[in-house]
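Here is the structure we will look at, set down as structure tokens.
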Amino acid sequence: MTPEQIEAALEAGIITPDQARAMRAKTPVSDNDAVIGNEDDMRFVRSFSDVFIAIGIGLFALGLSAMSTLMGGGLYYVGSAILMALMAEYFGKRKRQHLPTLITAMAFLIFSQLGFAVVLPDLGISSDIAVALTVFAAMMIFYLRVRLPFCMALIALSLLYVFFVLLARGAPDLMGSHFGWVLFFAGLVIFAVALWYDTRDKHRTTRFADNAFWLHLTAAPLLVHGLVAEFVTLKSDKLFNLVPVVTLDQTDAGLILGIVLIIGLLALAINRRALLVSSLGYAGFAIGYLMKDTGLGFGKVVAITLLLLGGGIIFLGAGWHLARNALIKILPKLPIFPPPYDPDYKPGSQG
């Protein structure tokens with residue numbers, strides 16, 4: 001059977017997910033297929049129909065938000081959240097369309113927060129902690145219904161909401177003076193959970209790997225931004241005397257590149273490109289400021305920055321497995337470091 005036929009049989013309920021995985025493992029790869037590894041496989045969009053429906057859901061959610069605001073919010077936001085949950089029942093639980101369900105899940109989380117923040121105080125429950133816990137509970141119920149991996153990221157965000165509310169109530173000075181460390185700690189916890197999922201599926205073939213992917217994607221910006229907020233001094237200036245922006249000196253730009261390098265090596269070691277993506281904006285920002293005093297014009301600096309950043313990503317992406325193989329030779333043999341990529345690996349086999 002072709003991959004398309006296997007997917008159709010799985011969607012129709014003719015075969016089980018375990019049977020589908022076994023059949024995919026036996027499906028031959030043609031000489032024209034590029035074998036680059038199955039890690040960070042999002043299993044996200046099956047056809048343009050998913051994209052088309054996702055666009056519609058996004059527009060519909062924006063319309064619901066505007067209408068709920070015009071009607072006074074509160075219960076109307078809760079009603080919008082319920083409507084998003086019903087749509088997820090169809091697109092997520094029944095059709096298993098990931099991208100459309102992701103849009104409904106994000107809208108559900110936002111509508112829940114906006115609605116409960118008004119409804120609970122109207123019911124005499126004025127605690128912001130109660131609102132945060134209710135939003136988290138709602139997101140957990142949503143996940144238990146649809147059970148799609150990207151919900152892990154939204155559960156993590158709802159838990160972050162609870163954490164920040166508790167911290168703001170119990171240690172407001174810490175939130176104000178060391179917010180960068182707070183972000184870094186939160187990202188570290190999410191990153192640890194993602195690693196736990198990764199250790200349960202080192203070859204990235206099951207839902208554990210999908211769960212880990214979304215958690216890594218959530219943890220990465222918290223880790224990077226937390227470190228930058230604590231160690232880098234941001235100033236306000238005019239970039240090349242043209243555009244008012246946040247600016248860096250040479251030392252801080254070098255420090256940011258050092259942070260990005262450490263994140264990149266960590267991403268390579270644990271075989272997770274998703275961990276590196278959130279660092280790219282900071283990397284480009286730092287490269288631009290390191291080149292600012294070279295005497296080149298604004299346009300040339302931007303062009304060279306994009307060339308260096310894009311070329312580095314292409315080089316690393318194309319040689320990812322070669323670089324990993326070299327790196328893991330000098331790393332200790334820990335469960336968090338997956339083995340080298342094996343194109344002949346079959347799910348269920350040893351190793």
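Ordered as shown in the structure tokens, chains take letters A, B, and onward, while each chain numbers its residues from 1 and ligands are numbered from 1 in the order shown.
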Which residues are close to range 90-99 of chain A, i.e. within 12 Å by only C-alpha atoms, leaving aside same-chain residues fewer than 3 positions away? Reply as a ChimeraX atom specification. /A:7-8,10-13,42-58,83-87,102-106,142-151,210
Smallest atom-to-atom distance to Leu322 in chain A: which of A:Gly310, A:Gly258, A:Pro340, A:Gly281, using only C-alpha atoms? A:Pro340
Atomic separation - CA of Val224 in chain A relative to CA of Leu268 in chain A, Å: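 About the pair CA of Leu268 in chain A and CA of Val224 in chain A: they are 15.9 Å apart.
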What's around range 227-233 of chain A at 7 Å? Count only C-alpha atoms, leave out sequence neighbours fewer than 4 positions away in its own chain, and write the answer as an NGL selection string. :A and (180-181 or 184 or 223 or 252 or 256)
Only C-alpha atoms, please: the residues just picked out, written as a PDB file, in the first residue's frame.
ATOM      1  CA  GLY A 180      14.119  36.995  32.925  1.00  0.00           C
ATOM      2  CA  TRP A 181      14.989  34.277  35.431  1.00  0.00           C
ATOM      3  CA  PHE A 184      14.052  30.893  32.034  1.00  0.00           C
ATOM      4  CA  LEU A 223      14.735  29.960  27.566  1.00  0.00           C
ATOM      5  CA  ASP A 252      25.924  42.402  24.109  1.00  0.00           C
ATOM      6  CA  ILE A 256      23.540  36.972  22.268  1.00  0.00           C
TER       7      ILE A 256
END
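CA of Phe191 in chain A sits 5.4 Å away from CA of Ala219 in chain A.
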Name the residues of range 199-273 of chain A that fall into strand (DSSP E or B) according to DSSP on the backbone, using the chain letters and numbers of this document, as a CSV table (one decimal) with C-alpha atoms, in the first residue's frame.
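result_12.csv, written as the output of this step:
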chain,number,residue,atom,x,y,z
A,235,LYS,CA,19.1,50.4,24.7
A,236,SER,CA,16.9,52.7,22.6
A,237,ASP,CA,18.5,54.3,19.6
A,238,LYS,CA,18.1,54.9,15.9
A,239,LEU,CA,19.4,52.1,13.7
A,243,VAL,CA,14.7,53.6,12.2
A,244,PRO,CA,14.0,53.9,16.0
A,245,VAL,CA,14.7,50.5,17.5
A,246,VAL,CA,16.1,48.7,20.5
A,247,THR,CA,19.9,48.6,20.1
Pick from A:Met139, A:Ile129, A:Leu266, A:Met67, whichever lies nearest to Ala168 in chain A using only C-alpha atoms: A:Ile129
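When only C-alpha atoms are used to compute distances to Leu114 in chain A, the closest of the residues A:Thr101, A:Ser80, A:Ser177, A:Ser278 turns out to be A:Ser80.
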